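K.L.:
Supplied in structure tokens, the structure appears directly below.
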Amino acid sequence: QVRLVESGGGLVQAGGSLRLSCAASGRLFTISAMGWYRQAPGNQRELVAAITSDGSTNYADSVKGRFTISRDNGKNTVYLQMSGLKPEDTAVYFCNLHRNADTWWGQGTQVTVSS
């Protein structure tokens, strides 16, 4: 079983920064792809950034150059460093672990960016 716990969300002014963390339990973390998704009210959940087990990354166009995803396999944790935040980044951010045909989600953490 996998349990994902996100932290680090909060309220920040436009232009500010936040770092989200997602701690994973279980043995699958080091061999799994990890992702950060977000969902704003009335919108579908969308991929923000992802990182493979060997460290390859990809980003949504809307966050390229502003957000950085990273992972620490020794701590079973994935991070999302967010800089240059904009009001349109306001959403609940979810951590995701993907391994073969299985996917697990965290409970989400709210990020609110004020203008």
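By convention in this document, the chains of the structure tokens carry letters A, B, ... by their order, each chain's residues are numbered from 1, and ligands are numbered from 1 in the order they are shown.
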Find the nearest atom pair between each residue of region 36-68 of chain A and region 81-87 of chain A for residues within 12 Å, count only C-alpha atoms, give distances in Å to one decimal, sort rows by chain and ascending number, and present the table as JSON lines.
P.N.:
```
{"residue": "A:Trp36", "atom": "CA", "partner": "A:Gln81", "partner_atom": "CA", "distance": 10.9}
{"residue": "A:Ala40", "atom": "CA", "partner": "A:Pro87", "partner_atom": "CA", "distance": 11.0}
{"residue": "A:Val48", "atom": "CA", "partner": "A:Met82", "partner_atom": "CA", "distance": 10.7}
{"residue": "A:Ala49", "atom": "CA", "partner": "A:Gln81", "partner_atom": "CA", "distance": 10.5}
{"residue": "A:Ser62", "atom": "CA", "partner": "A:Lys86", "partner_atom": "CA", "distance": 10.4}
{"residue": "A:Val63", "atom": "CA", "partner": "A:Met82", "partner_atom": "CA", "distance": 8.6}
{"residue": "A:Lys64", "atom": "CA", "partner": "A:Met82", "partner_atom": "CA", "distance": 10.3}
{"residue": "A:Gly65", "atom": "CA", "partner": "A:Ser83", "partner_atom": "CA", "distance": 8.7}
{"residue": "A:Arg66", "atom": "CA", "partner": "A:Ser83", "partner_atom": "CA", "distance": 5.2}
{"residue": "A:Phe67", "atom": "CA", "partner": "A:Met82", "partner_atom": "CA", "distance": 4.5}
{"residue": "A:Thr68", "atom": "CA", "partner": "A:Gln81", "partner_atom": "CA", "distance": 5.1}
```
K.L.:
Apply DSSP to the backbone of this structure and, from chain A, keep only the residues in helix (DSSP H, G or I); write these as a PDB file with C-alpha atoms, in the first residue's frame.
P.N.:
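Result file follows (result_13.pdb):
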```
ATOM      1  CA  PHE A  29       8.547   5.335  -4.222  1.00  0.00           C
ATOM      2  CA  THR A  30      12.046   4.829  -5.608  1.00  0.00           C
ATOM      3  CA  ILE A  31      10.822   2.840  -8.612  1.00  0.00           C
ATOM      4  CA  ASP A  61       3.689  24.961 -20.349  1.00  0.00           C
ATOM      5  CA  SER A  62       2.008  27.311 -17.886  1.00  0.00           C
ATOM      6  CA  VAL A  63       4.628  26.634 -15.180  1.00  0.00           C
ATOM      7  CA  PRO A  87      -3.237  34.247  -9.032  1.00  0.00           C
ATOM      8  CA  GLU A  88      -4.057  31.671 -11.719  1.00  0.00           C
ATOM      9  CA  ASP A  89      -1.865  29.171  -9.858  1.00  0.00           C
TER      10      ASP A  89
END
```
K.L.:
Would you compute the distance between CA of Gly35 (chain A) and CA of Thr57 (chain A)? Give it in Å to one decimal.
P.N.:
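Result for CA of Gly35 (chain A) versus CA of Thr57 (chain A): 9.4 Å, one decimal.
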K.L.:
Between CA of Asp72 (chain A) and CA of Gly8 (chain A), what is the distance in Å, rounded to a tenth?
P.N.:
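Interatomic distance, CA of Asp72 (chain A) to CA of Gly8 (chain A): 16.1 Å.
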K.L.:
Contacts of Val78 (chain A) at 8 Å or less, counting only C-alpha atoms, minus same-chain residues fewer than 2 places along, as a ChimeraX atom specification?
P.N.:
/A:21-23,34,69-72,76,80
K.L.:
Let me see the file: selected residues, N, CA, C and O atoms, as an mmCIF file, in the first residue's frame.
P.N.:
```
data_model
loop_
_atom_site.group_PDB
_atom_site.id
_atom_site.type_symbol
_atom_site.label_atom_id
_atom_site.label_comp_id
_atom_site.auth_asym_id
_atom_site.auth_seq_id
_atom_site.Cartn_x
_atom_site.Cartn_y
_atom_site.Cartn_z
ATOM 1 N N SER A 21 5.733 19.692 -0.430
ATOM 2 C CA SER A 21 6.382 18.404 -0.185
ATOM 3 C C SER A 21 5.332 17.309 -0.203
ATOM 4 O O SER A 21 4.185 17.535 0.183
ATOM 5 N N CYS A 22 5.745 16.141 -0.618
ATOM 6 C CA CYS A 22 4.867 14.971 -0.599
ATOM 7 C C CYS A 22 5.682 13.789 -0.100
ATOM 8 O O CYS A 22 6.612 13.342 -0.780
ATOM 9 N N ALA A 23 5.327 13.318 1.080
ATOM 10 C CA ALA A 23 6.013 12.170 1.668
ATOM 11 C C ALA A 23 5.227 10.904 1.363
ATOM 12 O O ALA A 23 4.015 10.853 1.564
ATOM 13 N N MET A 34 6.510 10.116 -10.154
ATOM 14 C CA MET A 34 5.749 10.970 -9.246
ATOM 15 C C MET A 34 5.286 12.208 -9.991
ATOM 16 O O MET A 34 5.971 12.681 -10.901
ATOM 17 N N ILE A 69 10.283 20.511 -10.097
ATOM 18 C CA ILE A 69 9.981 19.278 -9.367
ATOM 19 C C ILE A 69 11.284 18.540 -9.095
ATOM 20 O O ILE A 69 12.204 18.533 -9.923
ATOM 21 N N SER A 70 11.377 17.947 -7.923
ATOM 22 C CA SER A 70 12.564 17.180 -7.565
ATOM 23 C C SER A 70 12.157 16.063 -6.611
ATOM 24 O O SER A 70 11.038 16.075 -6.075
ATOM 25 N N ARG A 71 13.054 15.119 -6.417
ATOM 26 C CA ARG A 71 12.748 14.022 -5.516
ATOM 27 C C ARG A 71 13.969 13.656 -4.703
ATOM 28 O O ARG A 71 15.103 13.798 -5.160
ATOM 29 N N ASP A 72 13.724 13.187 -3.490
ATOM 30 C CA ASP A 72 14.775 12.700 -2.602
ATOM 31 C C ASP A 72 14.405 11.262 -2.265
ATOM 32 O O ASP A 72 13.542 11.021 -1.413
ATOM 33 N N ASN A 76 12.026 9.400 0.579
ATOM 34 C CA ASN A 76 10.723 9.056 -0.026
ATOM 35 C C ASN A 76 9.843 10.292 -0.192
ATOM 36 O O ASN A 76 8.644 10.266 0.115
ATOM 37 N N LEU A 80 7.858 20.254 -4.935
ATOM 38 C CA LEU A 80 7.521 21.174 -6.008
ATOM 39 C C LEU A 80 7.878 22.573 -5.521
ATOM 40 O O LEU A 80 7.198 23.116 -4.660
#
```
K.L.:
Using only C-alpha atoms, can you tell me which of A:Ser32, A:Asn58, A:Ser53, A:Gln13 comes closest to Thr103 (chain A)?
P.N.:
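The shortest atom-to-atom distance to Thr103 (chain A) comes from A:Ser32.
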K.L.:
Here is a test: counting only C-alpha atoms, which residue of A:Gln110, A:Leu28, A:Gly15, A:Trp105 is nearest to Ala91 (chain A)?
P.N.:
A:Gln110
K.L.:
Kindly indicate which residue among A:Arg38, A:Gly55, A:Gln1, A:Gly26 lies nearest to Gln107 (chain A), using only C-alpha atoms for the distances.
P.N.:
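The closest residue to Gln107 (chain A) is A:Arg38.
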